[in-house]
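A quick write-up on the structure given underneath.
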Amino acid sequence: MTAGPVAADLEPLIVRVAADLDRAALRQVAFGRQLQLDPGLREQIAGRRSEVLAALSGADAVYGVTTGMGALSGHRLSPAEQAAHQRGLLLARAVGGAPWLSEPEVRALLAVRLRTFLSGDAGVSAELCAALVRMLADRRVSAVPRTGVGSAGEIIPLAHAFAPLAGLGRELVGGVAQAGAAAIYELGPKEGISLLAGVPGATALALLRAAEARTVAGQLLAVAAGAIVAVGAPPDPYLAATARGDEVLGAVLARLRGLLGNGAAPRMLQAPVSFRVVGPVLAQVERALDRLEDAVDRALGGVGDSPAYLDGSFVGTAGFHGIDLAAQLDGAAQALAHAADIAAAQLHRLLDERVTGLHQQLATRPGPDAGLIVVHKRAVAATHALRRAAQPSVLGPIE
């Protein structure tokens, strides 16, 4: 990923408005770039916090703040219970385990939640935002479960992600989960439930995976170009005229033609299917990644908090339900799995001397040498694993 090797050497990013933390900036933060909150932005956050605290003082019941959670939301909390409740929300829900997210993934999660806090919907304090910046600066990496969410939204992984703020949970040191350091922030009213809101985990992983997939798509195109040249496939399926009405396909084919150059005379009238469909397959990958990045942008700018403080009132929302991100991640996974299937089919054809005119299985001495057949066996195993991984995640919700 291009943001990785250089991000830690960049000057700290001064965040003046929430939009400064766009996808590119968040990837840089994931790989080590530091942040600073502009004093003017901190003043805006503090002003919104004052509004929220005033509204809380006059509110009858606010979910998860003056009440219990879920089916216990009908139970009112005493002032003493409210004071301990926000920290208790993190403690009670950090019930996951290994495998853990990597350091860049955890950093991306923290940065995404900070980005969404800057909208003011959560009504958290400027001090809490500064504490998140401090966690990033100190490279404190929470031990956040990669799997086993098992609930509405992301409350289990988010409890793990933010527990170290309050001196709870575990942190990763050299990839090993250890007891966390001392607390660096005392949670105030509504701040515990705010840390558990939205889908910052899915958003963070989506923006990282989308960037990685862009790199993979470029590699797939380059490998496909080499295979096309190797078999002497006719250029017909890659001509500009074949992309009429499809700008994405046209751009993919233009890049492919740039890699192919003039080429040699075709060895056949029509190439195998896996060679002819390169353009549409990789165009579908591009479209899927475009949609995924659009979903990330919607998640960064949308309302993820519940309750959110909107237009002077506390509003329960469905911001925890990440169907948009999940569906687009599913689409990207399926497009990439299909591209892998096509690449494996191309590899199979490259081992066939009738297609390439080269030695069978690309062996130097066919018979004594097995050639590259073992590479194809490994590719087939990988494509089967990818098919299982590409099963839709949006099916099967449980009430």
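Just remember, in the structure tokens the first chain shown is A, the second B, etc., residues are 1-based per chain, and ligands are 1-based in the order shown.
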query: If you run DSSP on this backbone, which residues of region 241-364 of chain A come out as helix (DSSP H, G or I), and could you give them as a PyMOL selection string?
result: chain A and resi 241-243+247-260+273-276+278-301+323-350+353-356+360-362
- prompt: Quick one: residues within 7 Å of Tyr63 (chain A), only C-alpha atoms counted, chain neighbours fewer than 6 positions away excluded, as a PyMOL selection string?
  reply: chain A and resi 69+73+307
task: Name all residues at most 9 Å from region 383-388 of chain A (count only C-alpha atoms; drop same-chain ones fewer than 2 positions away) and give them as a ChimeraX atom specification.
output: /A:333-334,336-338,340-341,344,378-381,390-391
message: Counting only C-alpha atoms, which residue out of A:Gly301, A:Gly371, A:Gly148, A:Gly58 sits closest to Ala98 (chain A)?
response: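 For Ala98 (chain A), the nearest of the given residues is A:Gly148.
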field: Residue with smallest distance to Ser313 (chain A) - pool A:Ile193, A:Ala111, A:Ala59, A:Leu158, counting only C-alpha atoms
entry: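 Among A:Ile193, A:Ala111, A:Ala59, A:Leu158, it is A:Ala59 that comes nearest to Ser313 (chain A).
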- request: Compile the contact shell of region 32-37 of chain A as an MDAnalysis selection string: residues with an atom at most 8 Å away, counting only C-alpha atoms, same-chain residues fewer than 2 positions apart removed.
  value: chainID A and resid 4 7:16 28:30 39 41:42 104 130 133 136:137
message: Excluding Ala222 (chain A) and its own-chain neighbours fewer than 5 positions away, which residues fall within 9 Å of it when counting only C-alpha atoms? Please give them as a PyMOL selection string.
response: chain A and resi 217+227+256+259
Expected file: the selected residues, all heavy atoms, as a JSON list (two decimals), in the first residue's frame:
```json
[["chain", "number", "residue", "atom", "x", "y", "z"],
["A", 217, "ALA", "N", -5.40, -4.89, -8.51],
["A", 217, "ALA", "CA", -6.00, -4.73, -9.83],
["A", 217, "ALA", "C", -4.94, -4.35, -10.86],
["A", 217, "ALA", "O", -4.95, -4.85, -12.00],
["A", 217, "ALA", "CB", -7.11, -3.68, -9.78],
["A", 227, "ALA", "N", 0.43, -12.49, -20.26],
["A", 227, "ALA", "CA", -0.14, -13.75, -20.73],
["A", 227, "ALA", "C", -0.67, -13.61, -22.15],
["A", 227, "ALA", "O", -0.52, -14.53, -22.98],
["A", 227, "ALA", "CB", -1.26, -14.19, -19.79],
["A", 256, "LEU", "N", -4.54, -1.49, -20.88],
["A", 256, "LEU", "CA", -4.08, -2.78, -21.38],
["A", 256, "LEU", "C", -3.35, -2.63, -22.71],
["A", 256, "LEU", "O", -2.27, -3.22, -22.92],
["A", 256, "LEU", "CB", -5.27, -3.73, -21.51],
["A", 256, "LEU", "CG", -4.97, -5.16, -21.98],
["A", 256, "LEU", "CD1", -4.02, -5.84, -21.02],
["A", 256, "LEU", "CD2", -6.26, -5.95, -22.12],
["A", 259, "LEU", "N", 0.12, -1.48, -22.30],
["A", 259, "LEU", "CA", 1.06, -2.52, -21.89],
["A", 259, "LEU", "C", 1.40, -3.47, -23.04],
["A", 259, "LEU", "O", 2.52, -3.97, -23.13],
["A", 259, "LEU", "CB", 0.47, -3.32, -20.71],
["A", 259, "LEU", "CG", 0.31, -2.56, -19.40],
["A", 259, "LEU", "CD1", -0.48, -3.39, -18.39],
["A", 259, "LEU", "CD2", 1.67, -2.18, -18.82]]
```
message: Which residues are close to Val273 (chain A), i.e. within 9 Å by only C-alpha atoms, leaving aside same-chain residues fewer than 5 positions away? Reply as a list in words.
response: Val278, Ile342, Ala345 and Gln346 of chain A
With C-alpha atoms retained, write the just-selected residues as a compact mmCIF listing (two decimals), in the first residue's frame.
```txt
# COMPACT_ATOMS: atom_id res chain seq x y z
CA VAL A 278 -9.80 -9.64 -19.30
CA ILE A 342 -9.92 -15.99 -14.63
CA ALA A 345 -7.67 -20.24 -16.05
CA GLN A 346 -5.10 -18.18 -17.98
```
Long-range neighbours of Gly319 (chain A) as a PDB file with N, CA and C atoms, in the first residue's frame, 6 Å cut-off, only C-alpha atoms, 3 positions minimum in chain:
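As a result, out.pdb now contains:
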```pdb
ATOM      1  N   GLY A 198     -21.723   3.558  15.795  1.00  0.00           N
ATOM      2  CA  GLY A 198     -21.321   3.612  14.395  1.00  0.00           C
ATOM      3  C   GLY A 198     -20.601   2.359  13.930  1.00  0.00           C
ATOM      4  N   GLY A 304     -23.582   8.365  12.323  1.00  0.00           N
ATOM      5  CA  GLY A 304     -23.314   7.041  12.855  1.00  0.00           C
ATOM      6  C   GLY A 304     -23.671   6.886  14.311  1.00  0.00           C
ATOM      7  N   ASP A 305     -23.831   8.003  15.008  1.00  0.00           N
ATOM      8  CA  ASP A 305     -24.091   7.947  16.444  1.00  0.00           C
ATOM      9  C   ASP A 305     -25.545   7.615  16.748  1.00  0.00           C
TER      10      ASP A 305
END
```
field: Atomic separation - CA of Leu325 (chain A) relative to CA of Pro99 (chain A), Å
entry: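 Separating CA of Pro99 (chain A) from CA of Leu325 (chain A) is a distance of 22.0 Å.
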task: Just list the residues in region 171-338 of chain A DSSP gives strand (DSSP E or B) on the backbone, as number ranges by chain.
output: A: 171-173, 176-179, 308-310, 313-315
- prompt: What is the CA of Leu118 (chain A)-CA of Ser306 (chain A) distance in Å, reported with one decimal?
  reply: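 Separating CA of Leu118 (chain A) from CA of Ser306 (chain A) is a distance of 15.3 Å.
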message: Which residue is closest to Ala332 (chain A)? Choose from A:Ala308, A:Arg267, A:Phe275, A:Ala211 and count only C-alpha atoms.
response: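 Among the listed residues, the smallest separation from Ala332 (chain A) belongs to A:Ala211.
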query: Using only C-alpha atoms, which residue out of A:Val141, A:Leu132, A:Leu300, A:Leu187 lies closest to Ala206 (chain A)?
result: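 The answer is A:Leu300, which sits nearest to Ala206 (chain A).
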message: Could you tell me how far CA of Ala202 (chain A) sits from CA of Gln82 (chain A), in Å to one decimal place?
response: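 Computed distance, CA of Gln82 (chain A) to CA of Ala202 (chain A), equals 29.4 Å.
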